[in-house]
Amino acid sequence: VGFEVGFDHYLDLSKKKWKRKSARKVWKTAKRAIKHAQAHRGDRPLFLWVHFYDPHESRKSKRRYRSLSKFTDRYVHTLLSHLDKIGIGEDALTVVVSDHGEAFKEHRLSGHASSLYEAQIKIPIIWGFPKNAGIEPQALQEPLSQVDIPSTLLATAGASMSALDGVNLWPVFTREGSLEGRPVFSELHRYQSSKGKKTKNLNAVIHRGFKLIE
């Protein structure tokens, strides 16, 4: 689906067909990738994307979803601790983010990719900053968007953001700027319903505490 575009090295694990929880195996793969990068990248910065997948296998069970999320969280912690152990954690900018939420009978829906209600689009975005960045721990109340992540990462790297729709969040993190009043958009390209019928696309806008879905 194009995830590999722009990466020097990309390993697709989707064809492994693991029948058990995969977070531990994904973590080991990431550890090998970090070791390889350290041996070959020289002084170049390292960009690493690690996709943990286990919560997708919740099978519409909230209890199982919570258990798998907790299991995944353990290996996210293991990965971040490893960065500290090998001496690059203090200089790293890390982002922990989900690609979508999950519905468990809210609005009579289950799973994801079937609506733009909060259960399916409200996600965690957790930033970890280099020790010398001077960013204080904080929780932002303004709605953010996933498109803000690449914009902020590119701004950090000194690259151009001109072709992106997202916002550089550094002024917000340093409390020199604000996102108050900015609308946030969400969209869902629907292919077909559970009954095999094609359905229409959905669009939503969130602005000043209100949300419109059409």
# chains A, B, ... in the order shown; residues from 1 in each chain; ligands from 1
$ closest_atom_pairs --of "stretch 112-149 of chain A" --to "stretch 178-191 of chain A" --cutoff "9 Å" --atoms "only C-alpha atoms" --output "Markdown table"
| residue | atom | partner | partner_atom | distance |
| --- | --- | --- | --- | --- |
| A:Ala113 | CA | A:Leu188 | CA | 6.9 |
| A:Ser114 | CA | A:Arg190 | CA | 7.5 |
| A:Ser115 | CA | A:Leu188 | CA | 7.4 |
| A:Leu116 | CA | A:Leu188 | CA | 7.2 |
| A:Ile121 | CA | A:Ser186 | CA | 7.9 |
| A:Glu142 | CA | A:Leu179 | CA | 6.4 |
| A:Pro143 | CA | A:Val184 | CA | 6.9 |
| A:Leu144 | CA | A:Val184 | CA | 6.9 |
| A:Ser145 | CA | A:Val184 | CA | 6.5 |
$ write_last_selection --atoms "all heavy atoms" --output "mmCIF file, in the first residue's frame"
data_model
loop_
_atom_site.group_PDB
_atom_site.id
_atom_site.type_symbol
_atom_site.label_atom_id
_atom_site.label_comp_id
_atom_site.auth_asym_id
_atom_site.auth_seq_id
_atom_site.Cartn_x
_atom_site.Cartn_y
_atom_site.Cartn_z
ATOM 1 N N ALA A 113 -13.501 2.098 11.079
ATOM 2 C CA ALA A 113 -13.714 2.380 9.654
ATOM 3 C C ALA A 113 -15.179 2.288 9.260
ATOM 4 O O ALA A 113 -15.501 1.993 8.107
ATOM 5 C CB ALA A 113 -12.871 1.456 8.778
ATOM 6 N N SER A 114 -16.079 2.579 10.217
ATOM 7 C CA SER A 114 -17.494 2.592 9.884
ATOM 8 C C SER A 114 -18.184 3.895 10.263
ATOM 9 O O SER A 114 -19.347 4.101 9.941
ATOM 10 C CB SER A 114 -18.218 1.429 10.570
ATOM 11 O OG SER A 114 -18.106 1.522 11.983
ATOM 12 N N SER A 115 -17.461 4.797 10.962
ATOM 13 C CA SER A 115 -18.062 6.083 11.334
ATOM 14 C C SER A 115 -16.970 7.079 11.672
ATOM 15 O O SER A 115 -15.784 6.731 11.751
ATOM 16 C CB SER A 115 -18.993 5.915 12.542
ATOM 17 O OG SER A 115 -18.258 5.929 13.759
ATOM 18 N N LEU A 116 -17.386 8.320 11.908
ATOM 19 C CA LEU A 116 -16.480 9.364 12.380
ATOM 20 C C LEU A 116 -16.874 9.831 13.773
ATOM 21 O O LEU A 116 -16.557 10.944 14.180
ATOM 22 C CB LEU A 116 -16.472 10.548 11.392
ATOM 23 C CG LEU A 116 -15.874 10.250 10.017
ATOM 24 C CD1 LEU A 116 -15.959 11.484 9.112
ATOM 25 C CD2 LEU A 116 -14.419 9.793 10.128
ATOM 26 N N ILE A 121 -12.375 7.825 16.102
ATOM 27 C CA ILE A 121 -11.358 8.757 15.598
ATOM 28 C C ILE A 121 -10.564 9.461 16.702
ATOM 29 O O ILE A 121 -9.547 10.089 16.406
ATOM 30 C CB ILE A 121 -11.970 9.826 14.662
ATOM 31 C CG1 ILE A 121 -12.845 10.811 15.441
ATOM 32 C CG2 ILE A 121 -12.730 9.183 13.532
ATOM 33 C CD1 ILE A 121 -13.237 12.033 14.619
ATOM 34 N N GLU A 142 -6.439 21.475 23.009
ATOM 35 C CA GLU A 142 -6.925 21.718 21.664
ATOM 36 C C GLU A 142 -6.876 20.432 20.843
ATOM 37 O O GLU A 142 -5.965 19.624 20.995
ATOM 38 C CB GLU A 142 -6.082 22.792 20.956
ATOM 39 C CG GLU A 142 -6.043 24.125 21.674
ATOM 40 C CD GLU A 142 -4.866 24.235 22.625
ATOM 41 O OE1 GLU A 142 -4.331 23.176 23.019
ATOM 42 O OE2 GLU A 142 -4.503 25.368 22.983
ATOM 43 N N PRO A 143 -7.850 20.222 19.958
ATOM 44 C CA PRO A 143 -7.796 19.022 19.102
ATOM 45 C C PRO A 143 -6.626 19.100 18.122
ATOM 46 O O PRO A 143 -6.365 20.141 17.515
ATOM 47 C CB PRO A 143 -9.147 19.047 18.369
ATOM 48 C CG PRO A 143 -9.583 20.476 18.412
ATOM 49 C CD PRO A 143 -9.058 21.028 19.704
ATOM 50 N N LEU A 144 -5.916 17.983 17.997
ATOM 51 C CA LEU A 144 -4.816 17.873 17.048
ATOM 52 C C LEU A 144 -5.223 16.922 15.933
ATOM 53 O O LEU A 144 -6.256 16.278 15.988
ATOM 54 C CB LEU A 144 -3.560 17.349 17.740
ATOM 55 C CG LEU A 144 -3.047 18.121 18.949
ATOM 56 C CD1 LEU A 144 -1.809 17.440 19.507
ATOM 57 C CD2 LEU A 144 -2.749 19.556 18.580
ATOM 58 N N SER A 145 -4.370 16.829 14.925
ATOM 59 C CA SER A 145 -4.622 15.934 13.809
ATOM 60 C C SER A 145 -3.364 15.116 13.534
ATOM 61 O O SER A 145 -2.237 15.555 13.793
ATOM 62 C CB SER A 145 -5.004 16.727 12.555
ATOM 63 O OG SER A 145 -5.104 15.884 11.428
#
$ residues_around --residues "A:Lys28" --least-positions-apart "5" --cutoff "10 Å" --atoms "only C-alpha atoms" --output "ChimeraX atom specification"
/A:23,33-34,75,79
$ write_last_selection --atoms "all heavy atoms" --output "PDB file, in the first residue's frame"
ATOM      1  N   ALA A  23       3.716  -8.396  19.427  1.00  0.00           N
ATOM      2  CA  ALA A  23       4.490  -7.235  19.889  1.00  0.00           C
ATOM      3  C   ALA A  23       5.919  -7.593  20.259  1.00  0.00           C
ATOM      4  O   ALA A  23       6.861  -6.851  19.971  1.00  0.00           O
ATOM      5  CB  ALA A  23       3.789  -6.570  21.075  1.00  0.00           C
ATOM      6  N   ALA A  33      16.952  -3.722  13.758  1.00  0.00           N
ATOM      7  CA  ALA A  33      17.031  -2.592  12.829  1.00  0.00           C
ATOM      8  C   ALA A  33      17.850  -1.450  13.418  1.00  0.00           C
ATOM      9  O   ALA A  33      18.639  -0.800  12.717  1.00  0.00           O
ATOM     10  CB  ALA A  33      15.624  -2.109  12.479  1.00  0.00           C
ATOM     11  N   ILE A  34      17.681  -1.193  14.717  1.00  0.00           N
ATOM     12  CA  ILE A  34      18.453  -0.136  15.381  1.00  0.00           C
ATOM     13  C   ILE A  34      19.931  -0.485  15.386  1.00  0.00           C
ATOM     14  O   ILE A  34      20.797   0.364  15.118  1.00  0.00           O
ATOM     15  CB  ILE A  34      17.929   0.068  16.822  1.00  0.00           C
ATOM     16  CG1 ILE A  34      16.499   0.612  16.792  1.00  0.00           C
ATOM     17  CG2 ILE A  34      18.849   1.014  17.591  1.00  0.00           C
ATOM     18  CD1 ILE A  34      15.836   0.620  18.152  1.00  0.00           C
ATOM     19  N   TYR A  75       5.714  -3.401  25.373  1.00  0.00           N
ATOM     20  CA  TYR A  75       6.832  -3.464  24.439  1.00  0.00           C
ATOM     21  C   TYR A  75       7.164  -2.103  23.837  1.00  0.00           C
ATOM     22  O   TYR A  75       8.288  -1.891  23.377  1.00  0.00           O
ATOM     23  CB  TYR A  75       6.543  -4.516  23.368  1.00  0.00           C
ATOM     24  CG  TYR A  75       6.769  -5.896  23.924  1.00  0.00           C
ATOM     25  CD1 TYR A  75       5.705  -6.647  24.413  1.00  0.00           C
ATOM     26  CD2 TYR A  75       8.052  -6.408  24.049  1.00  0.00           C
ATOM     27  CE1 TYR A  75       5.915  -7.892  24.990  1.00  0.00           C
ATOM     28  CE2 TYR A  75       8.275  -7.650  24.618  1.00  0.00           C
ATOM     29  CZ  TYR A  75       7.203  -8.386  25.094  1.00  0.00           C
ATOM     30  OH  TYR A  75       7.425  -9.617  25.669  1.00  0.00           O
ATOM     31  N   LEU A  79      10.957  -0.786  24.057  1.00  0.00           N
ATOM     32  CA  LEU A  79      11.660  -0.121  22.961  1.00  0.00           C
ATOM     33  C   LEU A  79      12.252   1.207  23.415  1.00  0.00           C
ATOM     34  O   LEU A  79      13.433   1.498  23.158  1.00  0.00           O
ATOM     35  CB  LEU A  79      10.703   0.100  21.787  1.00  0.00           C
ATOM     36  CG  LEU A  79      11.220   0.939  20.617  1.00  0.00           C
ATOM     37  CD1 LEU A  79      12.464   0.308  20.002  1.00  0.00           C
ATOM     38  CD2 LEU A  79      10.127   1.106  19.566  1.00  0.00           C
TER      39      LEU A  79
END
$ closest_residue --among "A:Leu11, A:Ala92, A:Leu48, A:Val76" --to "A:Arg24" --atoms "only C-alpha atoms"
A:Val76
$ select_by_dssp --residues "stretch 68-208 of chain A" --states "strand (DSSP E)" --output "list in words"
Thr94, Val95, Val96, Val97, Ala103, Phe104, Ser110, Gly111, Ile125, Ile126, Trp127, Gly128, Val184, Phe185, Ser186, Glu187, Leu188, Leu202, Asn203, Ala204, Val205, Ile206 and His207 of chain A
$ closest_residue --among "A:Ala39, A:Leu202, A:Val26, A:Leu212" --to "A:Asp54" --atoms "only C-alpha atoms"
A:Val26
$ atom_distance --atom1 "atom CA of A:Leu46" --atom2 "atom CA of A:Asp148"
20.0 Å
$ residues_around --residues "A:Phe47" --least-positions-apart "5" --cutoff "10 Å" --atoms "only C-alpha atoms" --output "PDB file with N, CA and C atoms, in the first residue's frame"
ATOM      1  N   PHE A   7      11.723   5.041   2.698  1.00  0.00           N
ATOM      2  CA  PHE A   7      12.579   4.359   3.667  1.00  0.00           C
ATOM      3  C   PHE A   7      13.787   3.733   2.969  1.00  0.00           C
ATOM      4  N   ASP A   8      14.945   3.818   3.612  1.00  0.00           N
ATOM      5  CA  ASP A   8      16.122   3.120   3.094  1.00  0.00           C
ATOM      6  C   ASP A   8      15.976   1.613   3.275  1.00  0.00           C
ATOM      7  N   ILE A  34      17.681  -1.193  14.717  1.00  0.00           N
ATOM      8  CA  ILE A  34      18.453  -0.136  15.381  1.00  0.00           C
ATOM      9  C   ILE A  34      19.931  -0.485  15.386  1.00  0.00           C
ATOM     10  N   ALA A  37      21.294   0.047  11.930  1.00  0.00           N
ATOM     11  CA  ALA A  37      21.414   1.473  11.615  1.00  0.00           C
ATOM     12  C   ALA A  37      22.618   2.091  12.308  1.00  0.00           C
ATOM     13  N   ALA A  92      16.481  11.711  21.426  1.00  0.00           N
ATOM     14  CA  ALA A  92      15.457  11.257  20.479  1.00  0.00           C
ATOM     15  C   ALA A  92      14.160  12.048  20.639  1.00  0.00           C
ATOM     16  N   LEU A  93      13.512  12.285  19.515  1.00  0.00           N
ATOM     17  CA  LEU A  93      12.139  12.786  19.500  1.00  0.00           C
ATOM     18  C   LEU A  93      11.250  11.595  19.162  1.00  0.00           C
ATOM     19  N   THR A  94      10.369  11.225  20.072  1.00  0.00           N
ATOM     20  CA  THR A  94       9.544  10.042  19.871  1.00  0.00           C
ATOM     21  C   THR A  94       8.069  10.422  19.834  1.00  0.00           C
ATOM     22  N   LEU A 153       7.673  16.787  12.607  1.00  0.00           N
ATOM     23  CA  LEU A 153       8.926  16.057  12.439  1.00  0.00           C
ATOM     24  C   LEU A 153       9.803  16.706  11.372  1.00  0.00           C
TER      25      LEU A 153
END
$ residues_around --residues "A:Ala119" --least-positions-apart "6" --cutoff "12 Å" --atoms "only C-alpha atoms" --output "list in words"
His100, Gly101, Glu102, Ala103, Phe104, Lys105, Glu106, His107, Arg108, Leu109, Ser110, Gly111, His112 and Ala113 of chain A
